[in-house]
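Structure file protein-v1.csv with CSV, C-alpha atoms:
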```
chain,number,residue,atom,x,y,z
A,1,MET,CA,10.5,-48.0,12.5
A,2,GLY,CA,11.9,-44.5,13.1
A,3,ARG,CA,10.9,-43.3,9.6
A,4,ILE,CA,7.3,-44.5,10.1
A,5,LEU,CA,7.1,-42.6,13.5
A,6,SER,CA,8.7,-39.5,11.9
A,7,SER,CA,6.0,-39.5,9.2
A,8,ILE,CA,3.3,-39.0,11.8
A,9,GLY,CA,5.3,-36.4,13.7
A,10,ILE,CA,6.8,-38.6,16.4
A,11,GLY,CA,10.6,-38.1,16.6
A,12,ALA,CA,10.5,-35.9,13.4
A,13,ALA,CA,12.8,-33.0,12.5
A,14,THR,CA,12.0,-29.7,14.1
A,15,VAL,CA,12.3,-26.1,12.9
A,16,ASP,CA,12.8,-22.9,14.8
A,17,THR,CA,13.0,-19.6,13.0
A,18,VAL,CA,15.0,-16.9,14.8
A,19,LEU,CA,14.4,-13.3,13.9
A,20,PRO,CA,17.1,-10.7,14.6
A,21,THR,CA,14.5,-8.5,16.2
A,22,PRO,CA,10.8,-9.0,16.9
A,23,GLU,CA,10.1,-5.6,15.2
A,24,LEU,CA,9.6,-5.5,11.4
A,25,HIS,CA,9.1,-2.5,9.1
A,26,PRO,CA,6.9,-2.6,6.0
A,27,GLY,CA,9.1,-2.7,2.9
A,28,ASP,CA,12.1,-4.3,4.7
A,29,THR,CA,13.9,-7.5,3.9
A,30,VAL,CA,14.8,-9.3,7.1
A,31,ARG,CA,17.4,-12.1,7.4
A,32,VAL,CA,16.2,-14.9,9.6
A,33,ASP,CA,18.1,-18.0,10.8
A,34,VAL,CA,16.2,-21.2,10.3
A,35,GLU,CA,17.5,-23.7,12.9
A,36,LEU,CA,16.8,-27.3,11.9
A,37,THR,CA,17.2,-30.2,14.3
A,38,GLY,CA,17.1,-33.8,13.0
A,39,GLY,CA,14.7,-36.2,14.6
A,40,ASP,CA,15.1,-39.9,15.4
A,41,ALA,CA,15.6,-40.9,11.8
A,42,ALA,CA,17.3,-39.4,8.8
A,43,GLN,CA,15.0,-37.1,6.8
A,44,GLU,CA,15.2,-35.2,3.5
A,45,ILE,CA,13.8,-31.7,3.6
A,46,GLU,CA,12.6,-30.8,0.1
A,47,GLY,CA,12.0,-27.1,0.8
A,48,ILE,CA,11.4,-24.4,3.4
A,49,ASP,CA,8.3,-22.2,3.1
A,50,PHE,CA,7.7,-18.9,4.8
A,51,VAL,CA,4.2,-17.3,5.1
A,52,LEU,CA,3.8,-13.8,6.5
A,53,GLU,CA,0.2,-13.5,7.7
A,54,ALA,CA,-2.1,-11.0,9.5
A,55,ARG,CA,-4.9,-11.9,11.7
A,56,VAL,CA,-7.7,-9.5,12.5
A,57,GLU,CA,-9.4,-9.6,15.9
A,58,SER,CA,-12.9,-9.5,14.3
A,59,GLY,CA,-12.0,-12.6,12.4
A,60,GLY,CA,-10.2,-13.5,9.2
A,61,GLU,CA,-6.6,-14.1,8.2
A,62,HIS,CA,-4.7,-12.6,5.3
A,63,VAL,CA,-1.6,-14.0,3.6
A,64,LEU,CA,0.7,-11.0,3.1
A,65,ALA,CA,3.6,-12.8,1.4
A,66,GLU,CA,5.0,-16.3,0.7
A,67,THR,CA,8.6,-17.1,0.3
A,68,GLU,CA,9.8,-20.6,-0.9
A,69,VAL,CA,13.4,-21.8,-0.5
A,70,GLU,CA,14.0,-24.5,-3.0
A,71,ARG,CA,16.8,-26.1,-1.1
A,72,SER,CA,17.1,-29.7,-0.4
A,73,VAL,CA,18.6,-30.5,3.0
A,74,SER,CA,19.4,-33.9,4.4
A,75,LEU,CA,19.3,-34.2,8.2
A,76,SER,CA,20.9,-37.0,10.1
A,77,PRO,CA,19.3,-38.1,13.4
A,78,GLY,CA,20.0,-35.3,16.0
A,79,GLU,CA,21.9,-33.1,13.5
A,80,GLU,CA,21.6,-29.4,14.0
A,81,ARG,CA,21.9,-27.0,11.1
A,82,THR,CA,21.3,-23.2,10.7
A,83,ILE,CA,20.3,-21.8,7.3
A,84,PRO,CA,20.1,-18.0,6.8
A,85,VAL,CA,17.2,-16.8,4.6
A,86,ASP,CA,16.0,-13.4,3.5
A,87,VAL,CA,12.3,-12.8,3.9
A,88,ASP,CA,10.6,-9.7,2.3
A,89,VAL,CA,8.0,-7.7,4.3
A,90,PRO,CA,5.6,-6.1,1.8
A,91,LEU,CA,4.9,-2.4,1.9
A,92,TRP,CA,1.2,-3.0,2.6
A,93,THR,CA,1.9,-5.1,5.7
A,94,PRO,CA,-0.4,-3.8,8.4
A,95,VAL,CA,0.9,-2.2,11.5
A,96,SER,CA,0.5,-4.3,14.7
A,97,THR,CA,-2.2,-2.8,16.8
A,98,ASP,CA,-4.7,-4.1,19.4
A,99,GLY,CA,-6.9,-5.4,16.6
A,100,VAL,CA,-4.3,-6.7,14.2
A,101,SER,CA,-1.5,-9.2,14.8
A,102,VAL,CA,1.1,-10.4,12.3
A,103,TRP,CA,3.2,-13.5,12.4
A,104,LEU,CA,5.8,-15.4,10.3
A,105,GLU,CA,5.1,-19.1,9.8
A,106,THR,CA,7.9,-21.5,8.7
A,107,ARG,CA,7.1,-24.9,7.2
A,108,LEU,CA,9.4,-27.7,6.3
A,109,GLU,CA,8.4,-29.8,3.3
A,110,ILE,CA,9.2,-33.4,4.1
A,111,ASP,CA,7.8,-36.2,1.8
A,112,TRP,CA,5.5,-38.6,3.5
A,113,ALA,CA,5.6,-36.7,6.8
A,114,ARG,CA,3.5,-34.4,8.9
A,115,ASP,CA,5.5,-31.3,8.1
A,116,PRO,CA,6.9,-29.4,11.1
A,117,THR,CA,6.1,-25.8,11.5
A,118,ASP,CA,7.1,-22.8,13.6
A,119,GLU,CA,5.1,-19.6,14.2
A,120,ASP,CA,6.7,-16.3,15.4
A,121,GLU,CA,4.5,-13.3,16.1
A,122,VAL,CA,6.2,-10.1,15.0
A,123,ASP,CA,5.6,-6.5,15.9
A,124,VAL,CA,5.2,-4.5,12.7
A,125,VAL,CA,6.0,-0.9,13.5
A,126,PRO,CA,5.0,2.1,11.4
A,127,ASP,CA,7.4,3.8,9.0
A,128,GLU,CA,8.1,7.5,9.3
A,129,PHE,CA,5.1,8.5,7.3
A,130,VAL,CA,2.5,6.5,9.3
A,131,SER,CA,4.2,7.6,12.5
A,132,ALA,CA,3.8,11.2,11.4
A,133,LEU,CA,0.1,10.5,10.7
A,134,PHE,CA,-0.4,9.0,14.1
A,135,GLU,CA,1.3,12.0,15.8
A,136,ALA,CA,-0.8,14.5,13.8
A,137,ILE,CA,-4.0,12.6,14.8
A,138,ASP,CA,-2.9,12.6,18.4
A,139,ASP,CA,-2.0,16.4,18.3
A,140,LEU,CA,-5.5,17.1,16.9
A,141,GLY,CA,-7.0,15.3,20.0
A,142,PHE,CA,-8.2,12.2,18.3
A,143,ALA,CA,-7.6,8.7,19.6
A,144,LEU,CA,-7.3,5.4,17.8
A,145,ARG,CA,-10.4,3.3,18.6
A,146,GLU,CA,-9.8,0.2,16.5
A,147,THR,CA,-8.2,-1.0,13.3
A,148,ASP,CA,-9.0,-3.7,10.8
A,149,VAL,CA,-7.8,-5.0,7.5
A,150,VAL,CA,-9.9,-5.0,4.3
A,151,GLU,CA,-9.4,-6.5,0.9
A,152,VAL,CA,-8.6,-4.1,-1.9
A,153,PRO,CA,-7.9,-6.1,-5.0
A,154,HIS,CA,-8.5,-3.1,-7.2
A,155,VAL,CA,-5.7,-1.0,-5.8
A,156,ASP,CA,-2.3,-1.6,-7.5
A,157,ASP,CA,-0.8,-4.9,-6.5
A,158,ARG,CA,-2.0,-4.6,-2.9
A,159,PRO,CA,-4.4,-7.3,-1.8
A,160,ILE,CA,-5.2,-5.6,1.5
A,161,ALA,CA,-5.2,-2.3,3.3
A,162,GLN,CA,-5.3,-1.3,6.9
A,163,ARG,CA,-8.2,0.8,8.1
A,164,PHE,CA,-8.0,3.0,11.2
A,165,HIS,CA,-11.0,4.2,13.2
```
Since I need it in another form, could you write the structure as structure tokens?
Amino acid sequence: MGRILSSIGIGAATVDTVLPTPELHPGDTVRVDVELTGGDAAQEIEGIDFVLEARVESGGEHVLAETEVERSVSLSPGEERTIPVDVDVPLWTPVSTDGVSVWLETRLEIDWARDPTDEDEVDVVPDEFVSALFEAIDDLGFALRETDVVEVPHVDDRPIAQRFH
């Protein structure tokens, strides 16, 4: 009976991704700890997926990067396990502003189950070049009014770019 309930999400395994810091920098690789907790029945996790996404206040979501961990994990009822995983933050990841938010979603792949997920909002801080740009804009007396994210499939391998107004 426990397996049937787990398949619809009742008493199923849970996941919590712990980041070393809530701040990320474009171009970094961050090591996260994936904390797994077994549910009421034994379950086999076929893989762990990470999706770094950006949401624009004006509407729309953009997938920035996807990381798959092809690691099979068997969890006994109530068992706790931590798995360290490296997640890449692409160079084109938009900076977190009032109009743009970025988060890391973790999904467990479990056959015949409602897969558990975890979402962690992150603060993407500008690198030294973008910081210098912001300082120069401020020194010139300009103020940032809004930001958005636009698709730019024709620019290198970057699917999106952040636009500042």
* **Test item: residues at most 9 Å from Asp111 in chain A, all atoms listed in the file, excluding those fewer than 5 positions along its chain, as a ChimeraX atom specification** => /A:7,43-46
* Asked: Within 9 Å of Val15 in chain A, counting only C-alpha atoms, which residues qualify if same-chain residues fewer than 6 places away don't, as a VMD selection string?
  -> chain A and resid 34 to 37 106 to 108 116 to 118
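For the atom pair formed by CA of Phe129 in chain A and CA of His165 in chain A, the distance is 17.7 Å, given to one decimal.
Among the candidates A:Ile48, A:Ala143, A:Ala42, A:Val155, the residue lying nearest to Pro77 in chain A is A:Ala42 (atoms considered: all atoms listed in the file).
In this comparison, which uses all atoms listed in the file, the residue of A:Thr97, A:Asp28, A:Ala12, A:Glu109 approaching Gly47 in chain A most closely is A:Glu109.
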Could you model N, CA and C atoms for range 106-131 of chain A and present them as a PDB file, in the frame of the given file?
```pdb
ATOM      1  N   THR A 106       6.851 -20.726   9.488  1.00  0.00           N
ATOM      2  CA  THR A 106       7.900 -21.500   8.700  1.00  0.00           C
ATOM      3  C   THR A 106       7.416 -22.910   8.650  1.00  0.00           C
ATOM      4  N   ARG A 107       7.461 -23.473   7.439  1.00  0.00           N
ATOM      5  CA  ARG A 107       7.100 -24.900   7.200  1.00  0.00           C
ATOM      6  C   ARG A 107       8.174 -25.604   6.503  1.00  0.00           C
ATOM      7  N   LEU A 108       8.458 -26.790   6.958  1.00  0.00           N
ATOM      8  CA  LEU A 108       9.400 -27.700   6.300  1.00  0.00           C
ATOM      9  C   LEU A 108       8.615 -28.625   5.386  1.00  0.00           C
ATOM     10  N   GLU A 109       9.075 -28.819   4.164  1.00  0.00           N
ATOM     11  CA  GLU A 109       8.400 -29.800   3.300  1.00  0.00           C
ATOM     12  C   GLU A 109       9.212 -31.089   3.334  1.00  0.00           C
ATOM     13  N   ILE A 110       8.570 -32.098   3.928  1.00  0.00           N
ATOM     14  CA  ILE A 110       9.200 -33.400   4.100  1.00  0.00           C
ATOM     15  C   ILE A 110       8.210 -34.427   3.478  1.00  0.00           C
ATOM     16  N   ASP A 111       8.656 -35.190   2.467  1.00  0.00           N
ATOM     17  CA  ASP A 111       7.800 -36.200   1.800  1.00  0.00           C
ATOM     18  C   ASP A 111       7.318 -37.218   2.863  1.00  0.00           C
ATOM     19  N   TRP A 112       6.071 -37.587   2.725  1.00  0.00           N
ATOM     20  CA  TRP A 112       5.500 -38.600   3.500  1.00  0.00           C
ATOM     21  C   TRP A 112       5.569 -38.337   5.035  1.00  0.00           C
ATOM     22  N   ALA A 113       5.480 -37.057   5.380  1.00  0.00           N
ATOM     23  CA  ALA A 113       5.600 -36.700   6.800  1.00  0.00           C
ATOM     24  C   ALA A 113       4.615 -35.587   7.145  1.00  0.00           C
ATOM     25  N   ARG A 114       4.286 -35.520   8.403  1.00  0.00           N
ATOM     26  CA  ARG A 114       3.500 -34.400   8.900  1.00  0.00           C
ATOM     27  C   ARG A 114       4.576 -33.266   9.044  1.00  0.00           C
ATOM     28  N   ASP A 115       4.470 -32.282   8.168  1.00  0.00           N
ATOM     29  CA  ASP A 115       5.500 -31.300   8.100  1.00  0.00           C
ATOM     30  C   ASP A 115       5.580 -30.397   9.316  1.00  0.00           C
ATOM     31  N   PRO A 116       6.778 -30.267   9.888  1.00  0.00           N
ATOM     32  CA  PRO A 116       6.900 -29.400  11.100  1.00  0.00           C
ATOM     33  C   PRO A 116       6.801 -27.940  10.719  1.00  0.00           C
ATOM     34  N   THR A 117       6.261 -27.182  11.668  1.00  0.00           N
ATOM     35  CA  THR A 117       6.100 -25.800  11.500  1.00  0.00           C
ATOM     36  C   THR A 117       6.561 -24.989  12.683  1.00  0.00           C
ATOM     37  N   ASP A 118       6.746 -23.694  12.488  1.00  0.00           N
ATOM     38  CA  ASP A 118       7.100 -22.800  13.600  1.00  0.00           C
ATOM     39  C   ASP A 118       6.395 -21.475  13.296  1.00  0.00           C
ATOM     40  N   GLU A 119       5.812 -20.885  14.322  1.00  0.00           N
ATOM     41  CA  GLU A 119       5.100 -19.600  14.200  1.00  0.00           C
ATOM     42  C   GLU A 119       5.786 -18.592  15.123  1.00  0.00           C
ATOM     43  N   ASP A 120       6.103 -17.413  14.579  1.00  0.00           N
ATOM     44  CA  ASP A 120       6.700 -16.300  15.400  1.00  0.00           C
ATOM     45  C   ASP A 120       5.884 -15.078  15.161  1.00  0.00           C
ATOM     46  N   GLU A 121       5.258 -14.602  16.232  1.00  0.00           N
ATOM     47  CA  GLU A 121       4.500 -13.300  16.100  1.00  0.00           C
ATOM     48  C   GLU A 121       5.553 -12.215  16.045  1.00  0.00           C
ATOM     49  N   VAL A 122       5.266 -11.247  15.204  1.00  0.00           N
ATOM     50  CA  VAL A 122       6.200 -10.100  15.000  1.00  0.00           C
ATOM     51  C   VAL A 122       5.415  -8.815  15.291  1.00  0.00           C
ATOM     52  N   ASP A 123       6.163  -7.803  15.615  1.00  0.00           N
ATOM     53  CA  ASP A 123       5.600  -6.500  15.900  1.00  0.00           C
ATOM     54  C   ASP A 123       5.940  -5.614  14.664  1.00  0.00           C
ATOM     55  N   VAL A 124       4.937  -5.301  13.854  1.00  0.00           N
ATOM     56  CA  VAL A 124       5.200  -4.500  12.700  1.00  0.00           C
ATOM     57  C   VAL A 124       4.977  -3.009  13.134  1.00  0.00           C
ATOM     58  N   VAL A 125       6.067  -2.253  13.066  1.00  0.00           N
ATOM     59  CA  VAL A 125       6.000  -0.900  13.500  1.00  0.00           C
ATOM     60  C   VAL A 125       5.872   0.060  12.314  1.00  0.00           C
ATOM     61  N   PRO A 126       5.210   1.197  12.519  1.00  0.00           N
ATOM     62  CA  PRO A 126       5.000   2.100  11.400  1.00  0.00           C
ATOM     63  C   PRO A 126       6.244   2.751  10.890  1.00  0.00           C
ATOM     64  N   ASP A 127       6.239   3.046   9.594  1.00  0.00           N
ATOM     65  CA  ASP A 127       7.400   3.800   9.000  1.00  0.00           C
ATOM     66  C   ASP A 127       7.219   5.255   9.408  1.00  0.00           C
ATOM     67  N   GLU A 128       8.136   6.086   8.940  1.00  0.00           N
ATOM     68  CA  GLU A 128       8.100   7.500   9.300  1.00  0.00           C
ATOM     69  C   GLU A 128       6.871   8.239   8.905  1.00  0.00           C
ATOM     70  N   PHE A 129       6.276   7.858   7.781  1.00  0.00           N
ATOM     71  CA  PHE A 129       5.100   8.500   7.300  1.00  0.00           C
ATOM     72  C   PHE A 129       3.852   8.203   8.137  1.00  0.00           C
ATOM     73  N   VAL A 130       3.680   6.938   8.433  1.00  0.00           N
ATOM     74  CA  VAL A 130       2.500   6.500   9.300  1.00  0.00           C
ATOM     75  C   VAL A 130       2.736   7.030  10.684  1.00  0.00           C
ATOM     76  N   SER A 131       3.969   7.040  11.171  1.00  0.00           N
ATOM     77  CA  SER A 131       4.200   7.600  12.500  1.00  0.00           C
ATOM     78  C   SER A 131       3.851   9.070  12.553  1.00  0.00           C
TER      79      SER A 131
END
```
